[in-house]
>>> print(open('model_37.cif').read())   # mmCIF, N, CA and C atoms
data_input
loop_
_atom_site.label_atom_id
_atom_site.label_comp_id
_atom_site.auth_asym_id
_atom_site.auth_seq_id
_atom_site.Cartn_x
_atom_site.Cartn_y
_atom_site.Cartn_z
N MET A 53 82.85 170.64 106.66
CA MET A 53 83.67 169.53 107.08
C MET A 53 82.96 168.21 106.83
N THR A 54 81.67 168.17 107.03
CA THR A 54 80.93 166.91 106.83
C THR A 54 80.88 166.53 105.36
N GLU A 55 80.86 167.52 104.48
CA GLU A 55 80.85 167.22 103.05
C GLU A 55 82.14 166.56 102.61
N GLU A 56 83.26 166.98 103.16
CA GLU A 56 84.55 166.39 102.80
C GLU A 56 84.64 164.93 103.22
N THR A 57 84.12 164.60 104.38
CA THR A 57 84.18 163.22 104.84
C THR A 57 83.27 162.33 104.00
N LYS A 58 82.13 162.83 103.57
CA LYS A 58 81.23 162.05 102.73
C LYS A 58 81.87 161.75 101.38
N GLU A 59 82.54 162.75 100.81
CA GLU A 59 83.20 162.56 99.52
C GLU A 59 84.33 161.56 99.63
N SER A 60 85.10 161.59 100.69
CA SER A 60 86.22 160.66 100.83
C SER A 60 85.72 159.23 101.04
N LYS A 61 84.58 159.06 101.71
CA LYS A 61 84.03 157.72 101.88
C LYS A 61 83.56 157.16 100.54
N GLN A 62 82.93 157.97 99.73
CA GLN A 62 82.48 157.51 98.42
C GLN A 62 83.67 157.15 97.53
N CYS A 63 84.71 157.90 97.63
CA CYS A 63 85.90 157.67 96.81
C CYS A 63 86.60 156.38 97.22
N SER A 64 86.65 156.08 98.52
CA SER A 64 87.32 154.87 98.97
C SER A 64 86.58 153.63 98.50
N GLY A 65 85.27 153.70 98.40
CA GLY A 65 84.50 152.56 97.89
C GLY A 65 84.81 152.31 96.42
N LYS A 66 84.96 153.37 95.65
CA LYS A 66 85.30 153.23 94.24
C LYS A 66 86.70 152.67 94.07
N LYS A 67 87.61 153.06 94.96
CA LYS A 67 88.97 152.54 94.88
C LYS A 67 88.98 151.04 95.10
N GLN A 68 88.18 150.56 96.06
CA GLN A 68 88.14 149.13 96.34
C GLN A 68 87.55 148.37 95.16
N ILE A 69 86.53 148.93 94.55
CA ILE A 69 85.92 148.27 93.40
C ILE A 69 86.91 148.23 92.23
N MET A 70 87.61 149.30 91.99
CA MET A 70 88.59 149.33 90.90
C MET A 70 89.75 148.37 91.18
N PHE A 71 90.16 148.27 92.44
CA PHE A 71 91.21 147.33 92.80
C PHE A 71 90.75 145.89 92.55
N ALA A 72 89.53 145.59 92.94
CA ALA A 72 88.98 144.25 92.72
C ALA A 72 88.89 143.95 91.23
N TYR A 73 88.44 144.93 90.45
CA TYR A 73 88.34 144.76 89.00
C TYR A 73 89.71 144.49 88.39
N GLY A 74 90.71 145.24 88.79
CA GLY A 74 92.07 145.02 88.27
C GLY A 74 92.62 143.67 88.67
N PHE A 75 92.35 143.25 89.88
CA PHE A 75 92.81 141.94 90.35
C PHE A 75 92.14 140.82 89.57
N ILE A 76 90.86 140.95 89.30
CA ILE A 76 90.14 139.93 88.52
C ILE A 76 90.66 139.90 87.09
N GLN A 77 90.92 141.05 86.50
CA GLN A 77 91.47 141.10 85.14
C GLN A 77 92.84 140.42 85.08
N LEU A 78 93.67 140.69 86.05
CA LEU A 78 95.00 140.08 86.10
C LEU A 78 94.89 138.57 86.26
N GLY A 79 93.99 138.13 87.11
CA GLY A 79 93.80 136.69 87.31
C GLY A 79 93.30 136.00 86.06
N SER A 80 92.36 136.62 85.36
CA SER A 80 91.84 135.99 84.14
C SER A 80 92.89 135.98 83.04
N SER A 81 93.73 136.97 82.98
CA SER A 81 94.82 136.97 81.99
C SER A 81 95.82 135.85 82.29
N PHE A 82 96.09 135.63 83.56
CA PHE A 82 97.01 134.56 83.97
C PHE A 82 96.43 133.19 83.61
N ILE A 83 95.15 133.00 83.86
CA ILE A 83 94.50 131.73 83.53
C ILE A 83 94.51 131.52 82.02
N SER A 84 94.28 132.56 81.25
CA SER A 84 94.31 132.45 79.79
C SER A 84 95.69 132.06 79.30
N ALA A 85 96.72 132.63 79.91
CA ALA A 85 98.09 132.30 79.51
C ALA A 85 98.40 130.84 79.82
N LEU A 86 97.95 130.35 80.95
CA LEU A 86 98.16 128.94 81.29
C LEU A 86 97.43 128.02 80.31
N ALA A 87 96.21 128.39 79.94
CA ALA A 87 95.45 127.58 78.99
C ALA A 87 96.14 127.54 77.63
N LEU A 88 96.65 128.66 77.18
CA LEU A 88 97.35 128.68 75.89
C LEU A 88 98.63 127.85 75.94
N ALA A 89 99.33 127.87 77.06
CA ALA A 89 100.53 127.04 77.20
C ALA A 89 100.16 125.56 77.16
N ALA A 90 99.08 125.19 77.81
CA ALA A 90 98.64 123.79 77.79
C ALA A 90 98.28 123.35 76.37
N ILE A 91 97.63 124.21 75.62
CA ILE A 91 97.28 123.90 74.23
C ILE A 91 98.55 123.74 73.40
N ALA A 92 99.52 124.60 73.61
CA ALA A 92 100.77 124.52 72.85
C ALA A 92 101.50 123.20 73.13
N PHE A 93 101.56 122.79 74.40
CA PHE A 93 102.20 121.52 74.71
C PHE A 93 101.43 120.34 74.12
N GLY A 94 100.12 120.47 74.04
CA GLY A 94 99.31 119.43 73.41
C GLY A 94 99.64 119.28 71.94
N PHE A 95 99.90 120.37 71.25
CA PHE A 95 100.25 120.30 69.84
C PHE A 95 101.62 119.66 69.65
N CYS A 96 102.54 119.85 70.59
CA CYS A 96 103.86 119.23 70.48
C CYS A 96 103.74 117.72 70.54
N SER A 97 102.94 117.20 71.46
CA SER A 97 102.79 115.75 71.55
C SER A 97 102.04 115.20 70.34
N LEU A 98 101.11 115.96 69.80
CA LEU A 98 100.40 115.54 68.60
C LEU A 98 101.35 115.44 67.42
N LYS A 99 102.29 116.36 67.33
CA LYS A 99 103.27 116.35 66.25
C LYS A 99 104.15 115.10 66.35
N LYS A 100 104.57 114.75 67.56
CA LYS A 100 105.39 113.55 67.74
C LYS A 100 104.60 112.30 67.38
N GLU A 101 103.35 112.26 67.77
CA GLU A 101 102.52 111.09 67.47
C GLU A 101 102.32 110.93 65.97
N SER A 102 102.16 112.03 65.26
CA SER A 102 101.97 111.94 63.81
C SER A 102 103.24 111.47 63.11
N LYS A 103 104.41 111.87 63.63
CA LYS A 103 105.66 111.38 63.05
C LYS A 103 105.78 109.88 63.22
N VAL A 104 105.43 109.37 64.40
CA VAL A 104 105.49 107.93 64.65
C VAL A 104 104.51 107.19 63.74
N PHE A 105 103.31 107.74 63.58
CA PHE A 105 102.31 107.11 62.71
C PHE A 105 102.80 107.07 61.26
N ASN A 106 103.34 108.17 60.76
CA ASN A 106 103.83 108.21 59.39
C ASN A 106 104.97 107.22 59.18
N LYS A 107 105.83 107.10 60.17
CA LYS A 107 106.93 106.14 60.09
C LYS A 107 106.39 104.72 60.04
N CYS A 108 105.39 104.44 60.84
CA CYS A 108 104.76 103.12 60.84
C CYS A 108 104.16 102.80 59.48
N VAL A 109 103.46 103.76 58.89
CA VAL A 109 102.82 103.55 57.59
C VAL A 109 103.88 103.27 56.52
N THR A 110 104.95 104.06 56.50
CA THR A 110 105.98 103.83 55.48
C THR A 110 106.66 102.47 55.66
N GLU A 111 106.86 102.03 56.90
CA GLU A 111 107.47 100.73 57.13
C GLU A 111 106.57 99.60 56.66
N VAL A 112 105.27 99.73 56.90
CA VAL A 112 104.34 98.67 56.47
C VAL A 112 104.21 98.67 54.97
N ILE A 113 104.23 99.82 54.33
CA ILE A 113 104.16 99.89 52.86
C ILE A 113 105.40 99.24 52.25
N GLU A 114 106.55 99.40 52.88
CA GLU A 114 107.78 98.80 52.37
C GLU A 114 107.74 97.28 52.40
N THR A 115 106.92 96.71 53.28
CA THR A 115 106.82 95.25 53.35
C THR A 115 105.93 94.69 52.24
N GLY A 116 105.27 95.57 51.45
CA GLY A 116 104.48 95.11 50.31
C GLY A 116 102.98 95.29 50.48
N SER A 117 102.54 95.89 51.56
CA SER A 117 101.11 96.13 51.76
C SER A 117 100.68 97.39 51.03
N SER A 118 99.38 97.50 50.78
CA SER A 118 98.86 98.72 50.16
C SER A 118 98.78 99.84 51.22
N SER A 119 98.53 101.04 50.75
CA SER A 119 98.45 102.19 51.66
C SER A 119 97.29 102.04 52.65
N SER A 120 96.15 101.60 52.15
CA SER A 120 95.00 101.47 53.04
C SER A 120 95.23 100.39 54.09
N GLU A 121 95.86 99.29 53.71
CA GLU A 121 96.17 98.24 54.69
C GLU A 121 97.18 98.75 55.72
N ALA A 122 98.14 99.54 55.28
CA ALA A 122 99.14 100.08 56.20
C ALA A 122 98.51 101.04 57.22
N VAL A 123 97.61 101.89 56.75
CA VAL A 123 96.94 102.82 57.66
C VAL A 123 96.08 102.06 58.65
N ARG A 124 95.34 101.06 58.18
CA ARG A 124 94.51 100.27 59.08
C ARG A 124 95.36 99.55 60.12
N TYR A 125 96.49 98.98 59.69
CA TYR A 125 97.38 98.28 60.62
C TYR A 125 97.95 99.24 61.67
N CYS A 126 98.38 100.43 61.25
CA CYS A 126 98.96 101.38 62.19
C CYS A 126 97.94 101.99 63.13
N ASN A 127 96.67 101.98 62.74
CA ASN A 127 95.60 102.46 63.61
C ASN A 127 95.19 101.41 64.64
N GLY A 128 95.75 100.23 64.54
CA GLY A 128 95.42 99.18 65.49
C GLY A 128 94.56 98.07 64.93
N GLY A 129 94.33 98.11 63.63
CA GLY A 129 93.53 97.07 63.00
C GLY A 129 94.34 95.78 62.86
N ASN A 130 93.65 94.72 62.51
CA ASN A 130 94.31 93.41 62.39
C ASN A 130 95.07 93.27 61.12
#
>>> encode(input="model_37.cif", output="structure tokens")
Amino acid sequence: MTEETKESKQCSGKKQIMFAYGFIQLGSSFISALALAAIAFGFCSLKKESKVFNKCVTEVIETGSSSSEAVRYCNGGN
């Protein structure tokens, strides 16, 4: 009878460790998913910003400036 109780105590400790391991794995997967979503939204705003920049460059080129002057102007240069 004493051997059975010792075995069940050892098994319950392993169950707790495995539960903790699974919970940590699930938490880290959730954090990774959130990080990837944040990166994806960052690329969306970058795409919009590049469209605005390209539009600015084409408008300045149409006024008669060179490409390098247009890029400098759209970057905030004088």
>>> resolve_selection(input="model_37.cif", expression="the PyMOL selection byres ((chain A and resi 103-111) around 8)", output="PyMOL selection string")
chain A and resi 97-102+112-117+119+121-127
>>> atom_distance(input="model_37.cif", atom1="CA of Cys96 in chain A", atom2="CA of Phe82 in chain A")
21.5 Å
>>> atom_distance(input="model_37.cif", atom1="atom N of Ser120 in chain A", atom2="atom C of Phe95 in chain A")
25.7 Å
>>> atom_distance(input="model_37.cif", atom1="CA of Ser64 in chain A", atom2="CA of Leu78 in chain A")
21.1 Å
